[in-house]
Amino acid sequence: MVTSDQRRRQLAREKYARQQQRREENRRKAKRRNTVIAAGLAVVLAAGGAVYASVALTGPDKGKDDAAGDTPTTAAPTPTKSEAASPEPKLTVDGKATYAMSLKTNEGDITITMDAAKTPRTVNSFAHLADKKYFDGTKCHRLTTQGIFVLQCGDPKGDGTGGPGYTIPDENLGALGKAGADGTVTFPAGTVAMANTGQPGTGGSQFFLVYKDTKLPPTYTPFGKIDTAGLKAVQDVAAAGVDGGASDGAPKKAVTIEKATVAKK
């Protein structure tokens, strides 16, 4: 005969067994759910990578303003060199002064005049990075010869994904006038502007040198003007074309910034 105490223990064991069974079923369901989510995320990431590859590498015939031939694109800036995860540098430039950024390259010297009154945060960042020798020994990794006409530099990684570990706000976006019906303004030859990820306030260290009048949306901070000799040097690089004969990619004439300095004029 089963006593009441034995019956209680039996019921407790059965209850425990049911709880364990439910827990195991929940674990299996969670595992299946996580597997599905991971698979879906992998698809999304793969698609995102494909989209970025399209933005970064395709020519202008792939879509207005979305193709790299039509936008000076960067990946989201990532920390590199000694600047890992650093904050934007403290503002130390004279906000009323003009500065000159001198780039000594293997293809000729380029001097860029920068107005700190119009782009104080941008000029300050370049002064800070140049003082840290951040640009020394870096390559200008991208030349475009169709759709837009720019030489892009400032990435210590040399592949379009590098940045100083901080971002700076957009500045001076109205300097080139009001956008036309096509949503663009003309960046005149000799203009120097910040590259970005396509989102506001995502400038890092990458910049582009315009060697021929170029139509772009007014979403890139124009912060400098190239001197005559420097513009000629960039145009000579552009005339040699893109490595491999494409219209967008590494310049055939490899350009290395041997030394960058910023000084008050």
# chains A, B, ... in the order shown; residues from 1 in each chain; ligands from 1
>>> residues_around(residues="Lys133 (chain A)", least_positions_apart="5", cutoff="12 Å", atoms="only C-alpha atoms", output="ChimeraX atom specification")
/A:81-83,103,126-128,138,154,156,164,257-262
>>> residues_around(residues="region 227-241 of chain A", least_positions_apart="6", cutoff="12 Å", atoms="only C-alpha atoms", output="PDB file with N, CA and C atoms, in the first residue's frame")
ATOM      1  N   ALA A 100      47.852  76.147 -44.081  1.00  0.00           N
ATOM      2  CA  ALA A 100      48.307  75.437 -45.270  1.00  0.00           C
ATOM      3  C   ALA A 100      48.675  74.006 -44.882  1.00  0.00           C
ATOM      4  N   MET A 101      48.098  73.052 -45.577  1.00  0.00           N
ATOM      5  CA  MET A 101      48.497  71.662 -45.397  1.00  0.00           C
ATOM      6  C   MET A 101      49.383  71.279 -46.572  1.00  0.00           C
ATOM      7  N   SER A 102      50.603  70.930 -46.275  1.00  0.00           N
ATOM      8  CA  SER A 102      51.562  70.566 -47.310  1.00  0.00           C
ATOM      9  C   SER A 102      51.716  69.054 -47.354  1.00  0.00           C
ATOM     10  N   LEU A 103      51.466  68.489 -48.524  1.00  0.00           N
ATOM     11  CA  LEU A 103      51.621  67.050 -48.727  1.00  0.00           C
ATOM     12  C   LEU A 103      52.811  66.819 -49.653  1.00  0.00           C
ATOM     13  N   LYS A 104      53.853  66.246 -49.110  1.00  0.00           N
ATOM     14  CA  LYS A 104      55.005  65.880 -49.929  1.00  0.00           C
ATOM     15  C   LYS A 104      54.751  64.465 -50.431  1.00  0.00           C
ATOM     16  N   THR A 105      54.572  64.307 -51.745  1.00  0.00           N
ATOM     17  CA  THR A 105      54.288  62.994 -52.309  1.00  0.00           C
ATOM     18  C   THR A 105      55.361  62.595 -53.318  1.00  0.00           C
ATOM     19  N   ASN A 106      55.383  61.328 -53.665  1.00  0.00           N
ATOM     20  CA  ASN A 106      56.345  60.844 -54.653  1.00  0.00           C
ATOM     21  C   ASN A 106      56.020  61.327 -56.058  1.00  0.00           C
ATOM     22  N   GLU A 107      54.817  61.916 -56.256  1.00  0.00           N
ATOM     23  CA  GLU A 107      54.420  62.428 -57.566  1.00  0.00           C
ATOM     24  C   GLU A 107      54.387  63.950 -57.608  1.00  0.00           C
ATOM     25  N   GLY A 108      54.911  64.582 -56.572  1.00  0.00           N
ATOM     26  CA  GLY A 108      54.947  66.037 -56.534  1.00  0.00           C
ATOM     27  C   GLY A 108      54.332  66.584 -55.265  1.00  0.00           C
ATOM     28  N   ASP A 109      54.713  67.794 -54.922  1.00  0.00           N
ATOM     29  CA  ASP A 109      54.209  68.429 -53.709  1.00  0.00           C
ATOM     30  C   ASP A 109      52.843  69.060 -53.952  1.00  0.00           C
ATOM     31  N   ILE A 110      51.980  68.941 -52.959  1.00  0.00           N
ATOM     32  CA  ILE A 110      50.621  69.489 -53.033  1.00  0.00           C
ATOM     33  C   ILE A 110      50.400  70.357 -51.799  1.00  0.00           C
ATOM     34  N   THR A 111      50.039  71.606 -52.029  1.00  0.00           N
ATOM     35  CA  THR A 111      49.730  72.503 -50.908  1.00  0.00           C
ATOM     36  C   THR A 111      48.244  72.825 -50.937  1.00  0.00           C
ATOM     37  N   ILE A 112      47.605  72.645 -49.796  1.00  0.00           N
ATOM     38  CA  ILE A 112      46.158  72.863 -49.678  1.00  0.00           C
ATOM     39  C   ILE A 112      45.911  73.999 -48.697  1.00  0.00           C
ATOM     40  N   THR A 113      45.250  75.043 -49.167  1.00  0.00           N
ATOM     41  CA  THR A 113      44.911  76.173 -48.304  1.00  0.00           C
ATOM     42  C   THR A 113      43.577  75.894 -47.623  1.00  0.00           C
ATOM     43  N   MET A 114      43.537  76.060 -46.290  1.00  0.00           N
ATOM     44  CA  MET A 114      42.344  75.750 -45.501  1.00  0.00           C
ATOM     45  C   MET A 114      41.950  76.960 -44.653  1.00  0.00           C
ATOM     46  N   CYS A 140      47.418  57.213 -51.514  1.00  0.00           N
ATOM     47  CA  CYS A 140      46.132  57.662 -52.036  1.00  0.00           C
ATOM     48  C   CYS A 140      45.547  56.452 -52.754  1.00  0.00           C
ATOM     49  N   ARG A 142      42.493  55.591 -54.018  1.00  0.00           N
ATOM     50  CA  ARG A 142      41.406  55.509 -54.996  1.00  0.00           C
ATOM     51  C   ARG A 142      41.419  56.677 -55.973  1.00  0.00           C
ATOM     52  N   LEU A 143      41.327  56.330 -57.258  1.00  0.00           N
ATOM     53  CA  LEU A 143      41.204  57.319 -58.326  1.00  0.00           C
ATOM     54  C   LEU A 143      39.938  57.001 -59.111  1.00  0.00           C
ATOM     55  N   THR A 144      39.149  58.029 -59.423  1.00  0.00           N
ATOM     56  CA  THR A 144      37.986  57.831 -60.286  1.00  0.00           C
ATOM     57  C   THR A 144      38.148  58.696 -61.530  1.00  0.00           C
ATOM     58  N   THR A 145      37.846  58.119 -62.683  1.00  0.00           N
ATOM     59  CA  THR A 145      38.044  58.823 -63.952  1.00  0.00           C
ATOM     60  C   THR A 145      36.762  58.880 -64.777  1.00  0.00           C
ATOM     61  N   GLN A 146      35.653  58.482 -64.179  1.00  0.00           N
ATOM     62  CA  GLN A 146      34.363  58.520 -64.864  1.00  0.00           C
ATOM     63  C   GLN A 146      33.280  58.793 -63.842  1.00  0.00           C
ATOM     64  N   ILE A 148      32.710  60.892 -61.518  1.00  0.00           N
ATOM     65  CA  ILE A 148      33.347  61.939 -60.726  1.00  0.00           C
ATOM     66  C   ILE A 148      34.846  61.848 -60.977  1.00  0.00           C
ATOM     67  N   PHE A 149      35.553  62.918 -60.633  1.00  0.00           N
ATOM     68  CA  PHE A 149      36.973  63.009 -60.990  1.00  0.00           C
ATOM     69  C   PHE A 149      37.773  63.403 -59.754  1.00  0.00           C
ATOM     70  N   VAL A 150      38.103  62.403 -58.959  1.00  0.00           N
ATOM     71  CA  VAL A 150      38.753  62.661 -57.677  1.00  0.00           C
ATOM     72  C   VAL A 150      39.863  61.647 -57.406  1.00  0.00           C
ATOM     73  N   LEU A 151      40.822  62.090 -56.614  1.00  0.00           N
ATOM     74  CA  LEU A 151      41.847  61.215 -56.050  1.00  0.00           C
ATOM     75  C   LEU A 151      41.607  61.202 -54.547  1.00  0.00           C
ATOM     76  N   GLN A 152      41.380  60.029 -53.986  1.00  0.00           N
ATOM     77  CA  GLN A 152      41.033  59.920 -52.567  1.00  0.00           C
ATOM     78  C   GLN A 152      42.228  59.428 -51.754  1.00  0.00           C
ATOM     79  N   CYS A 153      42.476  60.103 -50.644  1.00  0.00           N
ATOM     80  CA  CYS A 153      43.652  59.836 -49.811  1.00  0.00           C
ATOM     81  C   CYS A 153      43.244  59.836 -48.335  1.00  0.00           C
ATOM     82  N   PRO A 188      34.406  72.455 -57.920  1.00  0.00           N
ATOM     83  CA  PRO A 188      35.360  72.856 -58.961  1.00  0.00           C
ATOM     84  C   PRO A 188      36.693  72.128 -58.836  1.00  0.00           C
ATOM     85  N   ALA A 189      37.375  71.995 -59.953  1.00  0.00           N
ATOM     86  CA  ALA A 189      38.723  71.428 -59.940  1.00  0.00           C
ATOM     87  C   ALA A 189      39.573  72.194 -58.937  1.00  0.00           C
ATOM     88  N   GLY A 190      40.323  71.463 -58.134  1.00  0.00           N
ATOM     89  CA  GLY A 190      41.160  72.078 -57.114  1.00  0.00           C
ATOM     90  C   GLY A 190      40.535  72.055 -55.736  1.00  0.00           C
ATOM     91  N   THR A 191      39.262  71.675 -55.652  1.00  0.00           N
ATOM     92  CA  THR A 191      38.600  71.588 -54.353  1.00  0.00           C
ATOM     93  C   THR A 191      39.079  70.360 -53.588  1.00  0.00           C
ATOM     94  N   VAL A 192      39.220  70.501 -52.280  1.00  0.00           N
ATOM     95  CA  VAL A 192      39.533  69.368 -51.407  1.00  0.00           C
ATOM     96  C   VAL A 192      38.381  69.234 -50.421  1.00  0.00           C
ATOM     97  N   PHE A 208      39.258  63.865 -50.412  1.00  0.00           N
ATOM     98  CA  PHE A 208      39.463  63.695 -51.846  1.00  0.00           C
ATOM     99  C   PHE A 208      39.841  65.005 -52.517  1.00  0.00           C
ATOM    100  N   LEU A 209      40.691  64.866 -53.524  1.00  0.00           N
ATOM    101  CA  LEU A 209      41.198  65.981 -54.301  1.00  0.00           C
ATOM    102  C   LEU A 209      40.485  65.977 -55.649  1.00  0.00           C
ATOM    103  N   VAL A 210      39.762  67.044 -55.958  1.00  0.00           N
ATOM    104  CA  VAL A 210      39.021  67.135 -57.212  1.00  0.00           C
ATOM    105  C   VAL A 210      39.959  67.680 -58.292  1.00  0.00           C
ATOM    106  N   TYR A 211      40.185  66.892 -59.355  1.00  0.00           N
ATOM    107  CA  TYR A 211      41.116  67.342 -60.401  1.00  0.00           C
ATOM    108  C   TYR A 211      40.394  67.830 -61.653  1.00  0.00           C
ATOM    109  N   LYS A 212      39.067  67.694 -61.681  1.00  0.00           N
ATOM    110  CA  LYS A 212      38.244  68.169 -62.796  1.00  0.00           C
ATOM    111  C   LYS A 212      36.862  68.449 -62.223  1.00  0.00           C
ATOM    112  N   ASP A 213      36.205  69.520 -62.710  1.00  0.00           N
ATOM    113  CA  ASP A 213      34.894  69.874 -62.164  1.00  0.00           C
ATOM    114  C   ASP A 213      34.016  68.632 -62.021  1.00  0.00           C
ATOM    115  N   SER A 247      37.740  52.329 -64.330  1.00  0.00           N
ATOM    116  CA  SER A 247      37.497  53.761 -64.142  1.00  0.00           C
ATOM    117  C   SER A 247      37.464  54.149 -62.671  1.00  0.00           C
ATOM    118  N   ASP A 248      37.630  53.172 -61.800  1.00  0.00           N
ATOM    119  CA  ASP A 248      37.563  53.424 -60.360  1.00  0.00           C
ATOM    120  C   ASP A 248      38.419  52.381 -59.652  1.00  0.00           C
ATOM    121  N   GLY A 249      39.450  52.857 -58.956  1.00  0.00           N
ATOM    122  CA  GLY A 249      40.326  51.928 -58.252  1.00  0.00           C
ATOM    123  C   GLY A 249      41.645  52.595 -57.910  1.00  0.00           C
ATOM    124  N   ALA A 250      42.621  51.799 -57.598  1.00  0.00           N
ATOM    125  CA  ALA A 250      43.942  52.338 -57.259  1.00  0.00           C
ATOM    126  C   ALA A 250      44.548  53.007 -58.482  1.00  0.00           C
ATOM    127  N   PRO A 251      45.169  54.173 -58.308  1.00  0.00           N
ATOM    128  CA  PRO A 251      45.782  54.840 -59.464  1.00  0.00           C
ATOM    129  C   PRO A 251      46.953  54.029 -60.016  1.00  0.00           C
ATOM    130  N   LYS A 252      47.082  54.037 -61.332  1.00  0.00           N
ATOM    131  CA  LYS A 252      48.190  53.329 -61.974  1.00  0.00           C
ATOM    132  C   LYS A 252      49.519  53.899 -61.501  1.00  0.00           C
ATOM    133  N   LYS A 253      49.571  55.223 -61.386  1.00  0.00           N
ATOM    134  CA  LYS A 253      50.727  55.886 -60.775  1.00  0.00           C
ATOM    135  C   LYS A 253      50.483  55.901 -59.273  1.00  0.00           C
ATOM    136  N   ALA A 254      51.085  54.987 -58.561  1.00  0.00           N
ATOM    137  CA  ALA A 254      50.865  54.913 -57.112  1.00  0.00           C
ATOM    138  C   ALA A 254      51.317  56.211 -56.449  1.00  0.00           C
ATOM    139  N   VAL A 255      50.459  56.766 -55.610  1.00  0.00           N
ATOM    140  CA  VAL A 255      50.761  58.027 -54.934  1.00  0.00           C
ATOM    141  C   VAL A 255      50.911  57.776 -53.437  1.00  0.00           C
ATOM    142  N   THR A 256      52.074  58.122 -52.911  1.00  0.00           N
ATOM    143  CA  THR A 256      52.338  57.975 -51.481  1.00  0.00           C
ATOM    144  C   THR A 256      52.580  59.348 -50.861  1.00  0.00           C
TER     145      THR A 256
END
>>> select_by_dssp(residues="region 41-261 of chain A", states="helix (DSSP H, G or I)", output="PyMOL selection string")
chain A and resi 41-57+60-62+68-70+81-83+120-131+228-240+243-245
>>> closest_residue(among="A:Lys178, A:His141, A:Lys264, A:Lys96", to="Leu216 (chain A)", atoms="only C-alpha atoms")
A:Lys178
>>> closest_residue(among="A:Gly147, A:Gly137, A:Pro218, A:Pro89", to="Phe187 (chain A)", atoms="only C-alpha atoms")
A:Pro218
>>> atom_distance(atom1="CA of Gly183 (chain A)", atom2="CA of Thr219 (chain A)")
10.3 Å
>>> atom_distance(atom1="CA of Thr92 (chain A)", atom2="CA of Ser125 (chain A)")
9.5 Å
>>> residues_around(residues="Thr184 (chain A)", least_positions_apart="3", cutoff="12 Å", atoms="only C-alpha atoms", output="JSON, numbers by chain")
{"A": [64, 65, 70, 71, 148, 173, 174, 176, 177, 178, 179, 180, 181, 187, 214, 215, 216, 217, 218, 219, 220]}
>>> atom_distance(atom1="CA of Ala195 (chain A)", atom2="CA of Asp136 (chain A)")
18.8 Å
>>> closest_residue(among="A:Thr186, A:Thr221, A:Thr119, A:Asn124", to="Thr202 (chain A)", atoms="only C-alpha atoms")
A:Thr221
